[in-house]
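Listing of structure_31.csv, CSV, C-alpha atoms
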```
chain,number,residue,atom,x,y,z
A,1,MET,CA,70.7,91.9,69.8
A,2,ALA,CA,73.7,91.4,72.1
A,3,SER,CA,73.5,90.1,75.6
A,4,LEU,CA,75.7,90.4,78.6
A,5,PHE,CA,77.0,86.9,78.0
A,6,ASP,CA,78.2,87.5,74.4
A,7,PRO,CA,81.9,88.0,73.7
A,8,ILE,CA,83.1,91.5,72.6
A,9,ARG,CA,86.3,92.8,71.1
A,10,LEU,CA,88.0,95.5,73.0
A,11,GLY,CA,91.0,96.8,71.1
A,12,ASP,CA,93.0,93.7,70.3
A,13,LEU,CA,91.4,91.8,73.2
A,14,VAL,CA,88.5,89.4,72.9
A,15,LEU,CA,86.5,89.4,76.1
A,16,PRO,CA,84.4,86.3,76.9
A,17,ASN,CA,81.4,88.4,78.2
A,18,ARG,CA,80.2,92.0,78.6
A,19,ILE,CA,80.2,92.0,82.4
A,20,ALA,CA,83.0,94.2,83.8
A,21,MET,CA,84.2,94.5,87.4
A,22,ALA,CA,84.0,98.2,88.2
A,23,PRO,CA,86.9,99.9,90.1
A,24,VAL,CA,86.1,99.7,93.8
A,25,THR,CA,88.6,101.1,96.4
A,26,ARG,CA,89.2,98.5,99.1
A,27,ALA,CA,92.1,100.1,101.0
A,28,ARG,CA,94.0,96.9,101.6
A,29,SER,CA,97.3,97.5,99.9
A,30,GLY,CA,100.5,97.7,101.9
A,31,SER,CA,101.5,100.8,103.8
A,32,LEU,CA,103.6,102.0,100.9
A,33,GLY,CA,101.0,101.4,98.3
A,34,VAL,CA,102.4,98.0,97.3
A,35,PRO,CA,99.8,95.4,96.2
A,36,THR,CA,99.9,92.2,98.3
A,37,MET,CA,99.2,88.5,97.9
A,38,ALA,CA,95.7,89.2,99.3
A,39,ASN,CA,95.1,91.7,96.5
A,40,ALA,CA,96.3,89.1,94.0
A,41,ALA,CA,93.9,86.5,95.4
A,42,TYR,CA,91.0,89.0,95.4
A,43,TYR,CA,91.3,89.8,91.8
A,44,ALA,CA,92.0,86.2,90.7
A,45,GLN,CA,88.7,85.2,92.4
A,46,ARG,CA,86.9,87.6,90.1
A,47,ALA,CA,88.7,86.6,86.9
A,48,SER,CA,85.5,85.4,85.2
A,49,ALA,CA,84.6,89.0,84.5
A,50,GLY,CA,84.9,90.0,80.9
A,51,LEU,CA,87.2,92.8,82.1
A,52,ILE,CA,88.4,93.7,85.6
A,53,VAL,CA,89.1,97.4,86.2
A,54,SER,CA,91.2,97.7,89.3
A,55,GLU,CA,90.7,99.9,92.2
A,56,ALA,CA,91.9,103.5,91.7
A,57,THR,CA,95.7,103.4,91.7
A,58,ASN,CA,97.8,106.5,92.6
A,59,VAL,CA,100.2,107.8,89.9
A,60,SER,CA,102.0,110.0,92.4
A,61,PRO,CA,102.8,110.5,96.1
A,62,ASP,CA,100.9,113.8,95.7
A,63,SER,CA,97.7,111.7,95.2
A,64,ALA,CA,96.0,110.2,98.3
A,65,ALA,CA,92.2,110.3,98.7
A,66,PHE,CA,92.2,106.9,100.4
A,67,GLU,CA,94.9,105.7,102.7
A,68,LEU,CA,96.2,102.2,101.9
A,69,ALA,CA,95.2,102.5,98.2
A,70,PRO,CA,97.8,101.0,95.8
A,71,GLY,CA,100.2,103.0,93.7
A,72,LEU,CA,102.1,102.5,90.4
A,73,TYR,CA,105.1,104.8,90.7
A,74,THR,CA,107.8,102.8,92.6
A,75,PRO,CA,109.6,99.6,91.7
A,76,ALA,CA,108.1,97.8,94.7
A,77,GLN,CA,104.6,98.8,93.5
A,78,VAL,CA,105.4,97.5,90.0
A,79,ALA,CA,106.5,94.2,91.5
A,80,GLY,CA,103.3,94.0,93.5
A,81,TRP,CA,101.2,94.5,90.5
A,82,ARG,CA,103.2,92.0,88.5
A,83,GLN,CA,102.3,89.4,91.2
A,84,VAL,CA,98.6,90.4,90.9
A,85,MET,CA,98.7,90.0,87.1
A,86,GLN,CA,100.3,86.6,87.3
A,87,HIS,CA,97.5,85.4,89.4
A,88,VAL,CA,94.8,87.0,87.3
A,89,HIS,CA,96.2,85.6,84.1
A,90,ARG,CA,96.6,82.2,85.6
A,91,ALA,CA,92.9,82.3,86.4
A,92,GLY,CA,92.1,83.3,82.8
A,93,GLY,CA,91.2,87.0,83.5
A,94,ARG,CA,92.0,90.4,82.0
A,95,LEU,CA,92.7,93.5,84.1
A,96,PHE,CA,93.1,97.2,83.4
A,97,VAL,CA,94.6,99.3,86.2
A,98,GLN,CA,92.7,102.6,86.8
A,99,LEU,CA,95.3,105.4,87.0
A,100,TRP,CA,94.3,108.1,89.6
A,101,HIS,CA,95.4,111.4,90.9
A,102,SER,CA,93.1,112.7,93.7
A,103,GLY,CA,94.1,116.4,93.3
A,104,ARG,CA,92.4,118.5,95.9
A,105,VAL,CA,90.4,115.5,97.4
A,106,SER,CA,93.0,114.8,100.1
A,107,SER,CA,94.4,115.8,103.5
A,108,ARG,CA,97.7,116.9,104.8
A,109,ALA,CA,97.4,113.9,107.1
A,110,LEU,CA,97.7,111.6,104.0
A,111,LEU,CA,100.4,113.7,102.2
A,112,ASP,CA,103.2,113.9,104.9
A,113,GLY,CA,102.1,117.4,105.8
A,114,CYS,CA,102.0,118.7,102.2
A,115,ASP,CA,99.1,120.6,100.8
A,116,PRO,CA,96.8,118.9,98.3
A,117,LEU,CA,97.3,120.1,94.7
A,118,SER,CA,94.4,121.5,92.6
A,119,PRO,CA,93.8,123.5,89.4
A,120,SER,CA,92.8,126.7,91.2
A,121,GLY,CA,93.0,126.3,95.0
A,122,VAL,CA,89.2,126.4,95.4
A,123,ASN,CA,88.6,125.7,99.1
A,124,ASP,CA,85.1,127.0,99.9
A,125,ASP,CA,83.5,123.6,99.7
A,126,LEU,CA,85.9,121.3,101.6
A,127,HIS,CA,83.0,119.8,103.6
A,128,LEU,CA,81.8,118.2,100.4
A,129,LEU,CA,85.1,116.4,99.7
A,130,GLN,CA,85.6,112.8,100.8
A,131,PRO,CA,89.1,111.6,101.7
A,132,TYR,CA,89.4,108.6,103.9
A,133,GLY,CA,92.0,107.4,106.4
A,134,ALA,CA,92.9,104.5,108.7
A,135,LEU,CA,92.8,105.3,112.4
A,136,ARG,CA,95.1,103.9,115.0
A,137,ASN,CA,92.3,101.8,116.5
A,138,GLY,CA,91.8,100.0,113.2
A,139,ALA,CA,88.7,101.9,112.0
A,140,TYR,CA,88.7,103.2,108.5
A,141,THR,CA,86.7,106.5,108.2
A,142,ARG,CA,86.1,109.7,106.3
A,143,ILE,CA,88.5,112.5,107.4
A,144,ALA,CA,88.5,116.2,106.9
A,145,ALA,CA,89.9,117.5,103.6
A,146,SER,CA,92.7,120.1,103.8
A,147,PRO,CA,92.8,123.3,101.8
A,148,SER,CA,94.5,122.8,98.5
A,149,ARG,CA,96.9,125.1,96.6
A,150,GLU,CA,96.9,126.0,92.9
A,151,MET,CA,99.3,124.1,90.8
A,152,THR,CA,102.0,125.9,89.0
A,153,VAL,CA,102.3,125.2,85.2
A,154,ASP,CA,105.5,123.3,85.9
A,155,GLU,CA,103.6,121.1,88.5
A,156,ILE,CA,100.9,120.5,85.9
A,157,TYR,CA,103.4,119.2,83.4
A,158,HIS,CA,105.1,117.2,86.1
A,159,SER,CA,101.8,115.5,87.0
A,160,ILE,CA,101.2,114.7,83.3
A,161,ASP,CA,104.6,113.0,83.2
A,162,GLU,CA,103.6,111.0,86.3
A,163,TYR,CA,100.7,109.5,84.3
A,164,ARG,CA,103.2,108.6,81.5
A,165,ILE,CA,105.5,106.8,84.0
A,166,ALA,CA,102.6,105.0,85.6
A,167,ALA,CA,101.5,103.7,82.1
A,168,ARG,CA,105.1,102.6,81.4
A,169,ASN,CA,105.1,100.8,84.8
A,170,ALA,CA,101.8,99.1,83.9
A,171,MET,CA,103.4,97.7,80.8
A,172,ARG,CA,106.4,96.5,82.9
A,173,ALA,CA,104.1,94.8,85.3
A,174,GLY,CA,102.3,92.9,82.6
A,175,ILE,CA,99.0,94.7,83.1
A,176,ASP,CA,96.6,94.3,80.2
A,177,GLY,CA,95.7,98.0,79.9
A,178,ILE,CA,94.9,101.2,81.8
A,179,GLU,CA,91.9,103.3,82.6
A,180,LEU,CA,92.3,107.0,83.2
A,181,HIS,CA,90.1,108.2,86.0
A,182,ALA,CA,88.6,111.4,84.8
A,183,GLY,CA,85.5,111.5,87.0
A,184,ASN,CA,84.3,111.6,90.6
A,185,GLY,CA,85.8,115.0,91.3
A,186,TYR,CA,89.5,113.9,91.0
A,187,LEU,CA,92.2,115.9,89.3
A,188,PRO,CA,91.3,115.5,85.6
A,189,HIS,CA,87.7,116.2,86.5
A,190,GLN,CA,88.8,119.2,88.5
A,191,PHE,CA,90.4,120.6,85.4
A,192,LEU,CA,87.2,119.9,83.3
A,193,SER,CA,84.9,121.6,85.8
A,194,PRO,CA,84.5,125.4,85.7
A,195,HIS,CA,83.7,125.3,89.4
A,196,THR,CA,87.1,123.9,90.4
A,197,ASN,CA,89.1,125.3,87.4
A,198,ARG,CA,89.2,129.1,87.5
A,199,ARG,CA,92.6,129.5,85.8
A,200,THR,CA,93.2,132.2,83.2
A,201,ASP,CA,96.1,130.5,81.4
A,202,LEU,CA,96.1,127.8,78.7
A,203,PHE,CA,94.6,125.3,81.2
A,204,GLY,CA,91.6,127.3,82.1
A,205,GLY,CA,88.7,129.3,80.8
A,206,SER,CA,87.4,127.9,77.5
A,207,LEU,CA,86.2,124.3,77.2
A,208,VAL,CA,89.2,123.5,75.0
A,209,ASN,CA,91.6,124.9,77.6
A,210,ARG,CA,89.8,123.0,80.5
A,211,LEU,CA,90.1,119.8,78.5
A,212,ARG,CA,93.8,120.4,77.8
A,213,TYR,CA,95.0,118.7,81.0
A,214,LEU,CA,93.2,115.4,80.2
A,215,ASP,CA,94.1,115.6,76.5
A,216,LEU,CA,97.8,115.9,77.4
A,217,VAL,CA,97.6,113.1,80.0
A,218,LEU,CA,96.0,110.9,77.3
A,219,ARG,CA,98.7,111.8,74.8
A,220,ALA,CA,101.4,111.0,77.3
A,221,VAL,CA,99.8,107.6,78.1
A,222,LEU,CA,99.5,106.8,74.4
A,223,GLU,CA,103.2,107.2,74.0
A,224,GLU,CA,103.6,104.1,76.3
A,225,MET,CA,100.8,101.8,75.1
A,226,PRO,CA,98.4,101.4,72.2
A,227,ALA,CA,95.0,103.3,72.3
A,228,GLY,CA,93.2,99.9,72.2
A,229,ARG,CA,94.5,99.2,75.7
A,230,VAL,CA,93.3,102.5,77.1
A,231,GLY,CA,89.9,103.5,78.6
A,232,VAL,CA,88.6,106.7,80.2
A,233,ARG,CA,86.2,106.9,83.1
A,234,ILE,CA,83.9,109.9,83.4
A,235,SER,CA,81.0,111.0,85.6
A,236,PRO,CA,79.4,113.9,83.8
A,237,PHE,CA,76.7,114.8,86.4
A,238,ALA,CA,78.3,113.5,89.6
A,239,GLY,CA,77.8,115.4,92.8
A,240,TYR,CA,80.5,113.4,94.5
A,241,ASN,CA,83.5,115.5,95.4
A,242,SER,CA,82.0,118.7,94.1
A,243,ALA,CA,83.2,119.2,90.5
A,244,PRO,CA,79.9,120.4,88.8
A,245,ASP,CA,79.6,121.6,85.3
A,246,PRO,CA,76.6,123.7,84.3
A,247,HIS,CA,77.2,122.9,80.7
A,248,ALA,CA,77.9,119.2,81.1
A,249,THR,CA,76.1,118.2,77.9
A,250,ASP,CA,78.4,120.4,75.8
A,251,THR,CA,81.5,119.4,77.7
A,252,TYR,CA,81.1,115.6,77.5
A,253,ALA,CA,79.8,115.6,73.9
A,254,TYR,CA,83.0,117.4,72.9
A,255,LEU,CA,85.1,115.1,75.2
A,256,ALA,CA,83.5,112.0,73.6
A,257,ARG,CA,84.5,113.2,70.2
A,258,VAL,CA,88.1,113.9,71.3
A,259,LEU,CA,88.3,110.4,72.8
A,260,SER,CA,86.8,108.8,69.7
A,261,ALA,CA,89.3,110.6,67.5
A,262,ALA,CA,92.1,109.3,69.7
A,263,GLY,CA,90.9,105.7,69.2
A,264,VAL,CA,90.6,104.8,72.9
A,265,ALA,CA,89.1,101.4,73.6
A,266,TYR,CA,86.2,102.5,75.7
A,267,ILE,CA,84.5,105.2,77.8
A,268,HIS,CA,83.4,104.0,81.3
A,269,ALA,CA,80.3,106.1,82.1
A,270,ALA,CA,79.7,106.3,85.8
A,271,ASP,CA,76.2,107.3,87.0
A,272,THR,CA,77.3,108.2,90.5
A,273,ASN,CA,74.1,109.8,91.4
A,274,ALA,CA,72.1,106.6,90.8
A,275,TRP,CA,73.1,105.4,94.3
A,276,GLY,CA,71.3,108.4,95.7
A,277,GLY,CA,68.1,107.6,93.8
A,278,THR,CA,68.5,110.1,91.0
A,279,PRO,CA,69.8,108.2,88.0
A,280,ASP,CA,71.3,109.9,85.0
A,281,MET,CA,72.3,107.0,82.8
A,282,ALA,CA,69.8,107.7,80.0
A,283,ARG,CA,71.0,111.3,79.9
A,284,ILE,CA,74.7,110.3,79.9
A,285,LEU,CA,74.3,107.7,77.1
A,286,SER,CA,72.3,110.2,75.0
A,287,ILE,CA,75.4,112.4,75.1
A,288,LEU,CA,78.0,109.7,74.5
A,289,ARG,CA,76.5,107.4,72.0
A,290,PRO,CA,76.1,109.8,69.1
A,291,ASN,CA,79.7,111.1,69.6
A,292,PHE,CA,81.7,107.9,70.5
A,293,GLY,CA,81.8,104.9,68.2
A,294,ALA,CA,83.8,102.5,70.3
A,295,THR,CA,82.8,100.6,73.4
A,296,ILE,CA,80.8,102.3,76.2
A,297,ILE,CA,80.7,100.6,79.6
A,298,ALA,CA,77.8,101.7,81.7
A,299,ASN,CA,78.1,101.8,85.5
A,300,GLY,CA,76.0,102.7,88.5
A,301,GLY,CA,73.0,101.3,90.2
A,302,LEU,CA,72.0,98.8,87.5
A,303,ASP,CA,70.6,95.3,88.2
A,304,PRO,CA,71.1,92.4,85.8
A,305,ALA,CA,67.8,92.9,84.0
A,306,ALA,CA,68.5,96.6,83.4
A,307,ALA,CA,72.1,95.9,82.4
A,308,ASN,CA,71.0,93.3,79.8
A,309,ALA,CA,68.4,95.7,78.4
A,310,LEU,CA,71.1,98.4,78.0
A,311,VAL,CA,73.4,96.1,76.1
A,312,ALA,CA,70.5,94.8,73.9
A,313,SER,CA,69.6,98.3,73.0
A,314,GLY,CA,73.1,99.1,71.8
A,315,ASN,CA,73.3,102.3,73.9
A,316,ALA,CA,75.9,100.6,76.0
A,317,ASN,CA,78.2,97.7,75.0
A,318,MET,CA,79.2,96.5,78.4
A,319,VAL,CA,78.0,97.0,82.0
A,320,SER,CA,80.2,97.1,85.1
A,321,PHE,CA,79.3,96.1,88.6
A,322,GLY,CA,81.1,97.2,91.8
A,323,ARG,CA,79.3,96.2,95.0
A,324,SER,CA,77.9,93.1,93.4
A,325,PHE,CA,81.4,91.9,92.5
A,326,ILE,CA,82.6,92.7,96.0
A,327,ALA,CA,80.1,90.3,97.5
A,328,ASN,CA,80.0,87.8,94.6
A,329,PRO,CA,83.4,86.8,93.2
A,330,ASP,CA,81.6,84.5,90.8
A,331,LEU,CA,79.1,87.1,89.7
A,332,VAL,CA,79.1,86.1,86.1
A,333,ALA,CA,78.0,82.5,87.0
A,334,ARG,CA,75.4,83.8,89.4
A,335,MET,CA,74.0,86.1,86.7
A,336,GLU,CA,73.8,83.3,84.2
A,337,ARG,CA,71.8,81.3,86.7
A,338,GLY,CA,69.6,84.2,87.8
A,339,GLY,CA,71.1,84.2,91.3
A,340,PRO,CA,71.2,83.7,94.3
A,341,TYR,CA,73.4,86.6,95.3
A,342,ASN,CA,75.5,87.3,98.4
A,343,GLU,CA,74.7,90.7,100.0
A,344,PRO,CA,77.7,93.0,100.4
A,345,ASP,CA,78.7,94.2,103.9
A,346,PRO,CA,79.4,97.9,103.7
A,347,ALA,CA,81.0,97.9,107.2
A,348,ARG,CA,83.9,95.9,105.7
A,349,PHE,CA,84.3,97.7,102.3
A,350,TYR,CA,87.4,99.7,103.4
A,351,GLY,CA,90.5,98.6,105.2
A,352,GLY,CA,90.9,95.6,107.5
A,353,GLY,CA,92.0,92.1,106.7
A,354,ASP,CA,90.7,89.2,104.6
A,355,GLY,CA,87.3,89.4,106.3
A,356,GLY,CA,84.8,91.0,103.9
A,357,TYR,CA,87.5,90.8,101.2
A,358,LEU,CA,88.4,87.2,100.4
A,359,ASP,CA,85.7,85.3,102.3
A,360,TYR,CA,82.5,85.8,100.3
A,361,PRO,CA,81.4,82.3,99.2
A,362,ALA,CA,81.2,81.2,95.6
A,363,LEU,CA,78.3,79.0,94.3
A,364,VAL,CA,80.5,75.9,94.2
A,365,HIS,CA,81.2,76.3,98.0
A,366,GLU,CA,77.5,76.7,98.7
A,367,ALA,CA,76.8,73.5,96.7
A,368,ASP,CA,79.4,71.6,98.6
A,369,ALA,CA,78.1,72.8,102.0
```

Output the file's structure in the form of structure tokens.
Amino acid sequence: MASLFDPIRLGDLVLPNRIAMAPVTRARSGSLGVPTMANAAYYAQRASAGLIVSEATNVSPDSAAFELAPGLYTPAQVAGWRQVMQHVHRAGGRLFVQLWHSGRVSSRALLDGCDPLSPSGVNDDLHLLQPYGALRNGAYTRIAASPSREMTVDEIYHSIDEYRIAARNAMRAGIDGIELHAGNGYLPHQFLSPHTNRRTDLFGGSLVNRLRYLDLVLRAVLEEMPAGRVGVRISPFAGYNSAPDPHATDTYAYLARVLSAAGVAYIHAADTNAWGGTPDMARILSILRPNFGATIIANGGLDPAAANALVASGNANMVSFGRSFIANPDLVARMERGGPYNEPDPARFYGGGDGGYLDYPALVHEADA
């Protein structure tokens, strides 16, 4: 039986352990989405993870669910990510950047007065969407979503090309791989969901048509990098950002088979509802495992004991942690010792400076105190 501390092969990479850092938005990039030296230090602190999946990173200026999130579509952003990767590699780590388009989960306030884009312009549930912004007084808070407009077919193909360019930029920056964010109610998830996708053209209606957007994004990305350096994050039953699917079992079984045939390195299965006390991980893995033969990374509300049991069972091959990695840069060492663990400070998750970002102590610092 495998354990969290056993190595694992991911594509052509050999990871030293099966503990991944989950993508967690921290909203501390520069004003133009350029990663900073603080971002480089933050990820380097966590380089002992078997794999780091970066915070969600915009592929386009049309994507902005969180103000001060990084991007990967300008030369300056590429240079910022190159700096991050130099520090992560120097510390012995491996990092995949999560590529992100927020679609309708945004606000005109974050898009220079432009309307958010979406598959079908569904706007009767805006109160359920969660964009965030930085206020002039320094506070970082949830803001109101603006009504989106339906994308034209040309805009759909343009956004697909933006993923291609972002993947190319990732290679230029020396990034180890990329993860496509196809969950949490963002644009690829919006196309998958019959609630948010009510189109009647080749991108809507049947399951095959609703999957077409993600399939074409994946094909575009695979023109820039090998499949073994690509993962996909999904959240089949997530209530977050209102992209439900009444036939999620059929949708994600089919999607898993498509991803398996494409040869991607992993599926990152997010149990978003676990944080609200209604976990779905067993149900998610029962869909994915029979239909996907490569690595499955489980994420959402798992403690070390539950994570180790999942890996030992073979239903998941790795487990990712978000909040635990925020508060414990040396989480792998702490898990090996059975703790102790720093507690995260939710008030300092988003925005701000180094406080709550770079100042969580490592075990070695506690021992020296």

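Atom pair atom CA of A:Tyr252 / atom CA of A:Met281: separated by 13.4 Å.
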
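The gap separating atom CA of A:Ser324 from atom CA of A:Leu95 is 17.5 Å, in Å to one decimal.
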
With only C-alpha atoms as the atoms that count, which of A:Tyr186, A:Phe321, A:Tyr73, A:Tyr360 lies nearest to A:His268?
-> A:Phe321

Rank A:Ala173, A:Val122, A:Met151, A:Leu13 by their smallest atom-to-atom distance to A:Val84, using all atoms listed in the file, and report the top residue only.
-> A:Ala173

Within 7 Å of stretch 231-240 of chain A, counting all atoms listed in the file, which residues show up once you throw out same-chain ones fewer than 4 positions away? Write them as a VMD selection string, please.
-> chain A and resid 178 to 185 244 248 252 264 to 273

Excluding A:Gly133 and its own-chain neighbours fewer than 6 positions away, which residues fall within 8 Å of it when counting all atoms listed in the file? Please give them as a PDB file with C-alpha atoms, keeping the file's coordinate frame.
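The result, stored in result-v1.pdb:
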```
ATOM      1  CA  PHE A  66      92.200 106.900 100.400  1.00  0.00           C
ATOM      2  CA  GLU A  67      94.900 105.700 102.700  1.00  0.00           C
ATOM      3  CA  LEU A 110      97.700 111.600 104.000  1.00  0.00           C
ATOM      4  CA  TYR A 140      88.700 103.200 108.500  1.00  0.00           C
ATOM      5  CA  THR A 141      86.700 106.500 108.200  1.00  0.00           C
ATOM      6  CA  ARG A 142      86.100 109.700 106.300  1.00  0.00           C
ATOM      7  CA  ILE A 143      88.500 112.500 107.400  1.00  0.00           C
TER       8      ILE A 143
END
```

Can you work out the spacing between atom CA of A:Arg149 and atom CA of A:Tyr163 in Å, to one decimal?
->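 Atom CA of A:Arg149 sits 20.2 Å away from atom CA of A:Tyr163.
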
Within 6 Å of stretch 192-201 of chain A, counting only C-alpha atoms, which residues show up once you throw out same-chain ones fewer than 2 positions away? Write them as a tab-separated table (two decimals) with C-alpha atoms, in the frame of the given file, please.
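Saved as around_25.tsv:
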```
chain	number	residue	atom	x	y	z
A	119	PRO	CA	93.80	123.50	89.40
A	120	SER	CA	92.80	126.70	91.20
A	122	VAL	CA	89.20	126.40	95.40
A	189	HIS	CA	87.70	116.20	86.50
A	190	GLN	CA	88.80	119.20	88.50
A	203	PHE	CA	94.60	125.30	81.20
A	204	GLY	CA	91.60	127.30	82.10
A	205	GLY	CA	88.70	129.30	80.80
A	210	ARG	CA	89.80	123.00	80.50
A	211	LEU	CA	90.10	119.80	78.50
A	243	ALA	CA	83.20	119.20	90.50
A	244	PRO	CA	79.90	120.40	88.80
A	245	ASP	CA	79.60	121.60	85.30
```

Please check which residues have atoms at most 10 Å from (94.5, 108.3, 101.9) in the file's coordinates, counting all atoms listed in the file, and write them as a VMD selection string.
-> chain A and resid 27 63 to 69 102 105 to 111 131 to 134 142 to 143

Using only C-alpha atoms, which residue out of A:Leu214, A:Ala139, A:Leu302, A:Val59 lies closest to A:Arg348?
->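 Distance minimum relative to A:Arg348 lands on A:Ala139.
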
Using all atoms listed in the file, collect all residues at a distance of at most 8 Å from (83.4, 81.5, 93.8) as written in the file, then present them as a ChimeraX atom specification.
-> /A:45-46,328-330,360-365

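Counting all atoms listed in the file and comparing A:Leu32, A:Leu288, A:Leu255, A:Ala2, the residue that lies closest to A:Ser313 is A:Ala2.
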